[in-house]
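K.L.:
There's a structure below that I have some questions on.
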Amino acid sequence: ASTPAPTPAADVLKVVLILNGTLGDKSFFDSAAAGMQLIKDKYGDKVDVKTIEMSYDQTKWEPTLVDVSEQDYNVVVLGTWQMVDALQKIAPQYPEKKYIIFDTTVDYSKGDMGNVYSITYKQNEGSFLAGVLAAEVTKSTLPLANPEKRIGFLGGMDIPVINDFLVGYIEGALYVDKDMKVSISYIGSFDDSAKGKEMALAQYNQGADIGFNVAGQAGLGQLDAAKEAQKYAIGVDSDQAAIFATSDPAKSNLIVSSVLKRVDQSILRAIDMHMEGTAKYGEAENLGFAEGCIGIVKNDNYLALIPAEIQTKLTDLEAKITSGEIVVGSSFGMDTAALDKLRQGVK
Amino acid sequence: MGKEILSMQNITKVYPNGIVANNRVNFSITKGEIHALVGENGAGKSTLMKILFGLENPEEGEILLDGRKLSITSPNVAILNGIGMVHQHFMLVPSLTVAENIVLGSEPRKGKLFLDMDKAIIMAEDLAEKYNFDIDVRAHVKDIPVGTKQKVEILKALLRGAEILILDEPTAVLTPQETEELFKELIILKEKGHTIIFISHKLHEVKHFCDRITIMRNGRSMGVYNTKDVSEEDISRLMVGRDVILTVTKNKAQPKEVVLKVRNLTFVNEFGKKALDDISFSVRNGEILGVAGVEGNGQRELVETITGLLKCGKNKILIEGKDISVLGIKELRDLGISHIPEDRMTYGVAENLTIEQNLISNTYDKKELNNGFLMDMKKIIDTTVDLVKDYRIKCNSPKQTVKMLSGGNIQKVVVAREFATEPKLLVADQPTRGIDVGATEFIRTKLVELRDDDSAVLLVSADLNEVMELSDSLIVMFEGKIVAYFEDTDKITEEELGLYMLGVRKQTNEEIGGVVYE
Amino acid sequence: MSKNLRFDILRTALAIGIALFIALVIILFASKEPFTAISQLLIGPLGTVRHFGNVIEMTIPLVFTGLAVSIMFKASQFNLGAEGAFFFGAIGASIIAMKVALPIVVHPLVAILVGGLIGAVITGIPAVLKVKWGASELVSSLMLNYVALFLGLYLINYFFRDVNAGAMVSLPFLETANLLVLIPKTRIHFGIFIAAIMTVIAYYYLYKSKRGYEIIVTGENIKFAEYSGIKTGKVILMAQLIGGFIAGAGGATELLGMYTRFSWQALPGYGWDGVIVAILARNNPILVPIAAFFLAYLRIGADLMSRTTDVQNDVIAIIQGIMIVLIVATSFLSKYRHKMIFNEAKENLGETAKEGK
Amino acid sequence: MNQLIDIIFSASFGYAVIRVTTPILFAALGSLIADRAGVINIALEGTMLVSALTGVAISAYTQSAWIGLLAAMIAGGLVGLLLAYFSLNLKTDIVLSGIAINLMASGGTVFVLYLIAKDRGISSSLPSLVLPKIQLPLIDQIPVIGAIFSNHNVLTYASLIAVLIVYIFLYKTPLGLKVRAVGENPDAADSVGISVIRVQYFALITSGVLAGMGGAYMSMGYVSWFAKNMTAGRGFIALAAEAMGGASPVGTFLTSLLFGFADALSNNLQSLSVPAEFIQTIPYIATIVGLVIYASRKTAQINKIKQQEK
Ligand SMILES: Nc1ncnc2c1ncn2[C@@H]1O[C@H](COP(=O)(O)OP(=O)(O)OP(=O)(O)O)[C@@H](O)[C@H]1O
Ligand SMILES: Nc1ncnc2c1ncn2[C@@H]1O[C@H](COP(=O)(O)OP(=O)(O)OP(=O)(O)O)[C@@H](O)[C@H]1O
Ligand SMILES: [Mg+2]
Ligand SMILES: [Mg+2]
């Protein structure tokens, strides 16, 4: 190893999170880092946690993975599909290490990966509820709703994870009303919140009265746009109403709900299982409502704004999805033509 | 003799490349004199004056102004102490107007904040009128000819009312009349108590107008003389270290076939003005055709159309019978045209490249200098070392950048390159501008040699002395037209020529038609 | 001359020293383990073969864009086309690598050639616009980079996307297309030879061939070049095409050497890095690899520092900036240098004076 | 197609164009002043970032948007000063200095953001303020015009006034004349006693202040927070706009507006059935086309003159 590893106290679990990006995305990298904090909070001195940002330069990812594997960490946490190839190559070389990969799964047929636990999320299911909520709001008589049946979707980039949200969202909207129209914009960036705001404003100007942003930091522009245009918004990943609850209540009050993708919870859950010795290394798990890793925020705003019958409907649907009664489509494995058809269908 | 007002003592200047431009130079002037500073190219005159004006800092030595020690760290300090300077390589801002250039740095204001352009124009106009300079002060500097630029430079310095006025070769591009006019003014200034330092390679001017002379050689001062005690020959001997023949001897020309044929050439410039108006003439090999005229009467356009820098219409210019309107500059050069441009710093050299690189710009792609894909570096070094030696370009090595040469030596680089190809047609626009007497002699001799080797030469010069001495025949241009043709240059006088140049006289069309040879 | 060289080395060393000192101060402020951090920064890359390999791996693309930018800058074409050319060259090479079945050795070479040609087209456009209409190459190249980005993403996303992949990436390359890894335990690939060859060719082309001479003269004084008979339009176009070719080939090489499929979602930034490298190398191809290595070493050292200690990436950006500025600072110690020259000149004068006697 | 026309001719679109133009215009004017003084300012992007963060931080701390703006302008000026120091005193190549400053700004702002907001991405935890919008008294009443031109952020109007001020400064004041002279021929300026370095310092600092106002607009008007890398290339677009505008204030204004128009268009067009990637290229292609038209008109003029000769 490049650095002389300090001798670990025998019973301290050393966990490292390596992020193939940078923190501050207000999305799953931040959430994963928060997960590390949850672990530290829960286990205190019994664990040692560290987070490494590898930046977006892919050529650095594999070397870092090798580095941490060679060092004295017990568990390596990493995420996204882009890390899969490297992990499939490295994990078998370090059988004594444990790997937890989130938001994707390794191909267990490609070698001995008994030390890898994969976590995926049913974001399409959470997004389905957002679609239902948005469609209900636009049809409703809420103070800022208009008669037009149009809702908005603001994506960061035209990529599978974002589109997984989109597919669930569209299906949810159409579940409520076959004629529902969805304005779809991709910002082309996860940074440019000003552009996010512009695009959201354009959607609101075109008749959407509620929008759903799935664009990390850039998506926050939509919340500003909502305040400016006096329309509704749905947040993503974390409770976005809470971000502004104190600093800007006027904005916060327009955020009817947020779709949660609790990477933090899923990592904590994995370490819990590791501590208990029940961890499912060598397996993949697809987490959703049941595990508390996907959800939709029901905070005071939501409770105050959303009519009771819609609230009930959402709760019902959540149950139906959890039970498998409703199966929500996914963008994974969907080809571009099919996706396009879906998008054009609601324009 | 007035009292000494300025003295530079033991000045040593070493440039960053290690060249010692001034070596313990002493230089002093007395109040109310016109003091000439002469010396070979690269002797260190400009450097000494740049030090005085705060553009360069000396390593050693001190400057005393009125007996006070003064450290001139920037031109601003110099200006505040009443020192003004006219640089030969223009210090002008091309996109600004003449008036703006003149007032730059001491602009008249409207209120506290705003520029008073109207006042600036009036100031500039008054000044030009006072010195009898015919300048449109509203014109942009980029559009005016070199001679006018020179006048703007002079006006700039005069406006500031400098007590000590340094003129670094101000007369190189002026006509004799204009020079005369300038000196009248300088003498008025002198009588008012101003002191003038005058650099020139034209010794008769020095002899005529200056009180004392400091002669420099090789970075050292060779002493101070009263003008009346020394002859032009003495001065040149002291400068160069040997006797210099000031006139070129040449045999009568033996012109043969027509090489350059210009027929009914008209050129309209950007402002819609006819810079060239129906010009026709021919130049034969074995002769030098001179073009006389006050700057700005179409000479530049004429030269640039012939050499391809400006495009002309079909069948207006033919070289050995070939219509050049369809040819690029490359093809023209391949035909055997050489060109010494008016503005050496713009067209003549790339100042950040080495002397070597500048010397091969017209031959770099010739077989002799190339070995298949690569250039033959050894050959290039050999040829350029020879040229540097032949043309006495003063430098450490040909690998030195041109920027580090003195003005005259830059000119020599251009001349060496353009002569070296033994051209069929040489278009020379002021070939000896800024070149010292010794080198001028050499270049003029070379020019005559070229002629005798059957080159055709078109010589443009504002230096009447030069055109008259070198040309076999002569045309005079005025306002874009040819107004006179003299088959034999020896048969005219300077005064006569001046009348044609100023548009007072004009020959008949038949007389002018003589230069067409058809 | 050797004195000058010695001086340059001394100057650079001192500049690096000062930059490091500033870096140390910043690190002291930002870190609880400043000494580990600084040693990681400085000698981390020398720690293991793998880490040193990382430096070389990163040097390769920097050499390509550094050369590309050098040649374009030499012609005084101040533009950032290398960025777009690198990106689009990589796209072109990817398509060949995915879709065209060719034997080993031939396959990557064809892909790199195609990448180069596409890169040439990208930088050729600003050149044509400049030569034909006088449009500023700075603007058009900057804009064209974005066009290249979005057009490239469109191509990949709509025609070559791997629908089974969990991210917006292309299909995997065919095995035959990958560049050979040369040194085990590292990812140093065959591209290093291509980069070396490009460097030598670029050097000879620029400084020893007549075409290079034309580029240099045109870049220094376009009016003088025209006056001398050089067809400056053609020269500018040529310089841009060659620059683009090298950048495009660089993108292709990087992709085939370091990746198994196309997966960039943004411009990778090597064009900007190329500007840094070119300026560090004073646009001299032969110095480009040194400058590229320097930058790569700095970056990898910084990475190691952020990975193993608590110093964040952001701090590293600041340190890098300071280092780059100081090392290129030409006025640094210039007074001292002038004194040295002066003394030397004086000595010479003394000698000649003696000889005179 | 009808949909497209509806969009373009709506008042909200016109309003959006002006709003999108503001930050670019500020930075482009900054670029203009530096350029005219012969010192190309590549650091605009980083300057905007630094100022955007400063504005947020100081407005949150002082609870005054105006002090925040002032601080942002000062911060911009300081970045300009730093660039001047690097390039004019240390004599580091100015392009490289600019790139280095951008590098430092992108890292430094995140670093500082983390120190003050404990967040590496966004400043939303800070109670920062925004600058007010202004209702234009009479214009407000006119139907469509009012909707387009009234009720913009105070900095939007400031940017328009800045165009005028820069124009007057450059062409009607002694210092402006000096700036132009220095930019074109520093030797000439030097020879008449103008301190070239001082003028260039001034130009770079002013350039920084202007870019700083653009940055303040981003975080205290356009949106109400600072976010990592939020300028997203606007500094470079501004460089392009300035170069395309022929380094004249009015030209720069028009090209900034053109860019704003194209950008607003691309933001609105996604509802049409064109791939997003194509729409995202609109501003850039529009710029290139605009540039070519502009440049070719100039060459056409020259050709026309040449035609006459024949
Ligand atoms: N910027 C410079 N860098 C290096 N060397 C220089 C520089 N300027 C002048 N020199 C050298 O200093 C010497 C003196 O030059 P200077 O210009 O003072 O000569 P000069 O007497 O004015 O000559 P000329 O009559 O040709 O103008 C020359 O050898 C010249 O090459
Ligand atoms: N525009 C310019 N750019 C760069 N260097 C210049 C410029 N003008 C003059 N120089 C340098 O300054 C020095 C003096 O040149 P200048 O022509 O002023 O001297 P000079 O004594 O008038 O020369 P000459 O007697 O040859 O006309 C030269 O070394 C020259 O290289
Ligand atoms: Mg001189
Ligand atoms: Mg001179």
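Note on naming: chains are A, B, ... as they come in the structure tokens, residues start from 1 per chain, ligands start from 1 in the order shown.
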Select, as number ranges by chain, those residues of chain C with any atom no more than 6 Å from chain B (distances computed using only C-alpha atoms).
P.N.:
C: 208-210, 221, 223-224, 228-229, 341, 345
K.L.:
Mind writing the picked residues with N, CA, C and O atoms as a compact mmCIF listing (two decimals), in the first residue's frame?
P.N.:
# COMPACT_ATOMS: atom_id res chain seq x y z
N LYS C 208 11.62 22.34 -38.13
CA LYS C 208 12.61 21.93 -39.13
C LYS C 208 12.03 21.79 -40.53
O LYS C 208 12.74 21.37 -41.43
N SER C 209 10.75 22.05 -40.69
CA SER C 209 10.21 21.91 -42.04
C SER C 209 9.71 23.25 -42.54
O SER C 209 9.45 24.16 -41.76
N LYS C 210 9.59 23.34 -43.85
CA LYS C 210 9.17 24.63 -44.39
C LYS C 210 7.73 24.94 -44.03
O LYS C 210 7.35 26.09 -43.87
N ASN C 221 3.74 37.41 -37.51
CA ASN C 221 3.36 38.64 -38.19
C ASN C 221 2.72 38.28 -39.52
O ASN C 221 3.39 38.01 -40.51
N LYS C 223 1.09 39.93 -41.66
CA LYS C 223 1.31 40.83 -42.79
C LYS C 223 2.65 40.55 -43.44
O LYS C 223 2.78 40.55 -44.67
N PHE C 224 3.63 40.34 -42.60
CA PHE C 224 4.95 40.00 -43.11
C PHE C 224 4.89 38.68 -43.88
O PHE C 224 5.50 38.53 -44.94
N SER C 228 5.70 38.10 -47.74
CA SER C 228 6.75 37.18 -48.16
C SER C 228 6.25 36.14 -49.14
O SER C 228 7.02 35.32 -49.62
N GLY C 229 4.95 36.14 -49.39
CA GLY C 229 4.42 35.18 -50.36
C GLY C 229 3.80 33.95 -49.73
O GLY C 229 3.38 33.03 -50.42
N ILE C 341 23.81 39.05 -16.15
CA ILE C 341 24.22 39.36 -17.52
C ILE C 341 25.12 40.59 -17.55
O ILE C 341 26.12 40.64 -18.24
N ALA C 345 28.83 40.90 -18.97
CA ALA C 345 29.17 41.83 -20.05
C ALA C 345 30.33 42.71 -19.62
O ALA C 345 31.24 42.98 -20.40
K.L.:
Report the residues of region 73-202 of chain D whose backbone DSSP state falls under strand (DSSP E), written as an NGL selection string.
P.N.:
:D and (133-134 or 152-153)
K.L.:
Once you have the residues from the selection above, write them out as a CSV table (one decimal), in the first residue's frame, restricted to all heavy atoms.
P.N.:
chain,number,residue,atom,x,y,z
D,133,LYS,N,-36.8,43.7,-7.2
D,133,LYS,CA,-37.3,43.9,-8.6
D,133,LYS,C,-37.8,45.3,-8.7
D,133,LYS,O,-38.3,45.9,-7.7
D,133,LYS,CB,-38.3,42.9,-9.0
D,133,LYS,CG,-37.8,41.5,-9.2
D,133,LYS,CD,-38.8,40.6,-9.7
D,133,LYS,CE,-38.2,39.3,-10.0
D,133,LYS,NZ,-39.1,38.3,-10.6
D,134,ILE,N,-37.8,45.9,-9.9
D,134,ILE,CA,-38.3,47.3,-10.0
D,134,ILE,C,-39.4,47.3,-11.0
D,134,ILE,O,-39.3,46.8,-12.1
D,134,ILE,CB,-37.1,48.2,-10.4
D,134,ILE,CG1,-36.1,48.3,-9.3
D,134,ILE,CG2,-37.6,49.5,-10.8
D,134,ILE,CD1,-35.0,49.3,-9.5
D,152,HIS,N,-38.2,43.8,-13.7
D,152,HIS,CA,-36.9,43.1,-13.7
D,152,HIS,C,-36.1,43.4,-12.4
D,152,HIS,O,-36.4,44.4,-11.7
D,152,HIS,CB,-36.1,43.4,-14.9
D,152,HIS,CG,-36.5,42.7,-16.2
D,152,HIS,ND1,-36.3,41.4,-16.4
D,152,HIS,CD2,-37.2,43.2,-17.2
D,152,HIS,CE1,-36.8,41.1,-17.6
D,152,HIS,NE2,-37.4,42.1,-18.1
D,153,ASN,N,-35.2,42.5,-12.2
D,153,ASN,CA,-34.3,42.8,-11.1
D,153,ASN,C,-33.5,44.1,-11.3
D,153,ASN,O,-33.2,44.5,-12.4
D,153,ASN,CB,-33.3,41.6,-11.0
D,153,ASN,CG,-32.5,41.7,-9.7
D,153,ASN,OD1,-31.5,42.4,-9.6
D,153,ASN,ND2,-32.9,40.9,-8.7
K.L.:
Got a sec to check which residues lie within 12 Å of ligand 4, using only C-alpha atoms and all ligand atoms, and send them as a VMD selection string?
P.N.:
chain B and resid 38 to 47 49 86 to 90 150 167 to 173 198 to 202 343 to 345 405 to 412 432 to 436
K.L.:
Could you give me, as number ranges by chain, the residues within 6 Å of Ile213 (chain B), counting only C-alpha atoms and dropping anything in the same chain fewer than 5 positions from it?
P.N.:
B: 35-37, 224-225
K.L.:
Per residue of chain D within 7 Å of chain B, what are the shortest atom pair and its distance in Å to one decimal, counting only C-alpha atoms, with rows by chain and residue number, as JSON lines?
P.N.:
{"residue": "D:Lys172", "atom": "CA", "partner": "B:Leu115", "partner_atom": "CA", "distance": 5.3}
{"residue": "D:Thr173", "atom": "CA", "partner": "B:Phe114", "partner_atom": "CA", "distance": 4.5}
{"residue": "D:Pro174", "atom": "CA", "partner": "B:Leu115", "partner_atom": "CA", "distance": 5.2}
{"residue": "D:Ala181", "atom": "CA", "partner": "B:Val93", "partner_atom": "CA", "distance": 5.9}
{"residue": "D:Glu184", "atom": "CA", "partner": "B:Val93", "partner_atom": "CA", "distance": 6.2}
{"residue": "D:Asn185", "atom": "CA", "partner": "B:Val93", "partner_atom": "CA", "distance": 5.6}
{"residue": "D:Asp187", "atom": "CA", "partner": "B:Met91", "partner_atom": "CA", "distance": 6.2}
{"residue": "D:Ala188", "atom": "CA", "partner": "B:Met91", "partner_atom": "CA", "distance": 4.0}
{"residue": "D:Asp190", "atom": "CA", "partner": "B:Pro75", "partner_atom": "CA", "distance": 6.7}
{"residue": "D:Ser191", "atom": "CA", "partner": "B:Pro75", "partner_atom": "CA", "distance": 5.9}
{"residue": "D:Val192", "atom": "CA", "partner": "B:Gly105", "partner_atom": "CA", "distance": 5.7}
{"residue": "D:Gly193", "atom": "CA", "partner": "B:Asn76", "partner_atom": "CA", "distance": 3.9}
{"residue": "D:Ile194", "atom": "CA", "partner": "B:Gly105", "partner_atom": "CA", "distance": 5.9}
{"residue": "D:Ile305", "atom": "CA", "partner": "B:Glu270", "partner_atom": "CA", "distance": 6.3}
{"residue": "D:Glu309", "atom": "CA", "partner": "B:Val268", "partner_atom": "CA", "distance": 5.4}
{"residue": "D:Lys310", "atom": "CA", "partner": "B:Gly313", "partner_atom": "CA", "distance": 5.0}
